[in-house]
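Participant: Take a look at this one; I'll ask things after.
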Amino acid sequence: MQTVKQKQQLRYQLRCPKLPLTVYREVAAHLRQVEGVETGLIPTSISPDKIPLEFDYTQSQVGSLWIEYQDTHNSAIRQQIDQILAYYNDRYGAWEIIDSPQD
């Protein structure tokens with residue numbers, strides 16, 4: 001009898017306040033270059049009464065970024081993700097984890 005080892009998908013969401021849409025897109029594209037990593041953007045949800053009268057470049061149109069990859073116990077993938085996020089962290093501010101890794 002063979003045993004099949006299932007790979008778990010890890011998925012989590014994070015955001016960086018005041019990160020512009022174009023930089024979120026750049027981060028997502030950068031992360032997609034890591035083999036086995038999927039990512040996408042989640043739009044912001046602002047109630048109509050909180051929409052500013054004038055456009056504010058410091059208010060992102062993106063609410064968060066999701067990242068998903070297989071937990072293969074290969075620390076190289078996680079290390080690459082962490083390095084990419086650290087690069088943008090140094091330039092734009094700290095990332096906030098919205099949803100912790102889950103399968």
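The chains in the structure tokens are called A, B, ... from first to last as shown; in each chain the residues are counted from 1, and the ligands are counted from 1 in the order shown.
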Please list as number ranges by chain every residue within 10 Å of Ala29 of chain A, counting only C-alpha atoms and excluding residues in the same chain fewer than 4 positions away.
Facilitator: A: 23-25, 33-34, 38-40
Participant: Go ahead and write the residues just picked, all heavy atoms, as a PDB file, in the first residue's frame.
Facilitator:
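Dumped to selection-v5.pdb:
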ATOM      1  N   VAL A  23       2.356  50.038  -7.028  1.00  0.00           N
ATOM      2  CA  VAL A  23       3.367  49.296  -6.270  1.00  0.00           C
ATOM      3  C   VAL A  23       2.806  47.950  -5.831  1.00  0.00           C
ATOM      4  O   VAL A  23       3.510  46.941  -5.856  1.00  0.00           O
ATOM      5  CB  VAL A  23       3.895  50.120  -5.079  1.00  0.00           C
ATOM      6  CG1 VAL A  23       4.937  49.331  -4.292  1.00  0.00           C
ATOM      7  CG2 VAL A  23       4.483  51.441  -5.560  1.00  0.00           C
ATOM      8  N   TYR A  24       1.518  47.917  -5.465  1.00  0.00           N
ATOM      9  CA  TYR A  24       0.893  46.622  -5.162  1.00  0.00           C
ATOM     10  C   TYR A  24       1.007  45.698  -6.370  1.00  0.00           C
ATOM     11  O   TYR A  24       1.313  44.517  -6.244  1.00  0.00           O
ATOM     12  CB  TYR A  24      -0.587  46.786  -4.808  1.00  0.00           C
ATOM     13  CG  TYR A  24      -0.872  46.882  -3.331  1.00  0.00           C
ATOM     14  CD1 TYR A  24      -1.299  48.077  -2.760  1.00  0.00           C
ATOM     15  CD2 TYR A  24      -0.752  45.772  -2.503  1.00  0.00           C
ATOM     16  CE1 TYR A  24      -1.587  48.160  -1.405  1.00  0.00           C
ATOM     17  CE2 TYR A  24      -1.030  45.846  -1.151  1.00  0.00           C
ATOM     18  CZ  TYR A  24      -1.454  47.046  -0.610  1.00  0.00           C
ATOM     19  OH  TYR A  24      -1.729  47.117   0.729  1.00  0.00           O
ATOM     20  N   ARG A  25       0.749  46.230  -7.557  1.00  0.00           N
ATOM     21  CA  ARG A  25       0.859  45.414  -8.776  1.00  0.00           C
ATOM     22  C   ARG A  25       2.291  44.934  -8.994  1.00  0.00           C
ATOM     23  O   ARG A  25       2.532  43.809  -9.425  1.00  0.00           O
ATOM     24  CB  ARG A  25       0.385  46.211  -9.987  1.00  0.00           C
ATOM     25  CG  ARG A  25      -1.106  46.374 -10.031  1.00  0.00           C
ATOM     26  CD  ARG A  25      -1.523  47.135 -11.260  1.00  0.00           C
ATOM     27  NE  ARG A  25      -2.968  47.165 -11.381  1.00  0.00           N
ATOM     28  CZ  ARG A  25      -3.611  47.931 -12.229  1.00  0.00           C
ATOM     29  NH1 ARG A  25      -2.945  48.751 -13.033  1.00  0.00           N
ATOM     30  NH2 ARG A  25      -4.921  47.899 -12.279  1.00  0.00           N
ATOM     31  N   GLN A  33       6.986  35.617  -9.699  1.00  0.00           N
ATOM     32  CA  GLN A  33       8.213  35.089 -10.294  1.00  0.00           C
ATOM     33  C   GLN A  33       8.801  33.939  -9.468  1.00  0.00           C
ATOM     34  O   GLN A  33       9.651  33.197  -9.957  1.00  0.00           O
ATOM     35  CB  GLN A  33       9.245  36.205 -10.462  1.00  0.00           C
ATOM     36  CG  GLN A  33       8.830  37.218 -11.499  1.00  0.00           C
ATOM     37  CD  GLN A  33       9.823  38.359 -11.612  1.00  0.00           C
ATOM     38  OE1 GLN A  33      10.809  38.420 -10.884  1.00  0.00           O
ATOM     39  NE2 GLN A  33       9.566  39.260 -12.540  1.00  0.00           N
ATOM     40  N   VAL A  34       8.343  33.801  -8.236  1.00  0.00           N
ATOM     41  CA  VAL A  34       8.798  32.693  -7.391  1.00  0.00           C
ATOM     42  C   VAL A  34       7.984  31.465  -7.785  1.00  0.00           C
ATOM     43  O   VAL A  34       6.756  31.492  -7.780  1.00  0.00           O
ATOM     44  CB  VAL A  34       8.588  33.008  -5.890  1.00  0.00           C
ATOM     45  CG1 VAL A  34       9.032  31.830  -5.033  1.00  0.00           C
ATOM     46  CG2 VAL A  34       9.329  34.285  -5.495  1.00  0.00           C
ATOM     47  N   GLU A  38       1.295  31.887  -6.014  1.00  0.00           N
ATOM     48  CA  GLU A  38       0.177  32.594  -6.644  1.00  0.00           C
ATOM     49  C   GLU A  38      -0.131  33.791  -5.768  1.00  0.00           C
ATOM     50  O   GLU A  38       0.021  33.742  -4.546  1.00  0.00           O
ATOM     51  CB  GLU A  38      -1.061  31.693  -6.736  1.00  0.00           C
ATOM     52  CG  GLU A  38      -0.879  30.477  -7.606  1.00  0.00           C
ATOM     53  CD  GLU A  38      -0.711  30.831  -9.079  1.00  0.00           C
ATOM     54  OE1 GLU A  38      -1.314  31.832  -9.532  1.00  0.00           O
ATOM     55  OE2 GLU A  38       0.023  30.108  -9.771  1.00  0.00           O
ATOM     56  N   THR A  39      -0.590  34.858  -6.382  1.00  0.00           N
ATOM     57  CA  THR A  39      -0.911  36.055  -5.619  1.00  0.00           C
ATOM     58  C   THR A  39      -1.946  36.872  -6.363  1.00  0.00           C
ATOM     59  O   THR A  39      -2.139  36.708  -7.566  1.00  0.00           O
ATOM     60  CB  THR A  39       0.363  36.891  -5.345  1.00  0.00           C
ATOM     61  OG1 THR A  39       0.028  37.976  -4.496  1.00  0.00           O
ATOM     62  CG2 THR A  39       0.967  37.413  -6.619  1.00  0.00           C
ATOM     63  N   GLY A  40      -2.612  37.736  -5.657  1.00  0.00           N
ATOM     64  CA  GLY A  40      -3.611  38.603  -6.260  1.00  0.00           C
ATOM     65  C   GLY A  40      -3.925  39.769  -5.353  1.00  0.00           C
ATOM     66  O   GLY A  40      -3.500  39.817  -4.193  1.00  0.00           O
TER      67      GLY A  40
END
Participant: Report as a list of chain:residue names all protein, DNA and RNA residues lying within 12 Å of Pro43 of chain A, evaluated on only C-alpha atoms, omitting residues in the same chain fewer than 2 positions from it.
Facilitator: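 In the requested form, the answer reads A:Arg15, A:Pro20, A:Leu21, A:Tyr24, A:Arg25, A:Gly40, A:Leu41, A:Ser45, A:Ile46, A:Ser60, A:Gln61, A:Val62, A:Gly63, A:Ser64, A:Leu65, A:Trp66.
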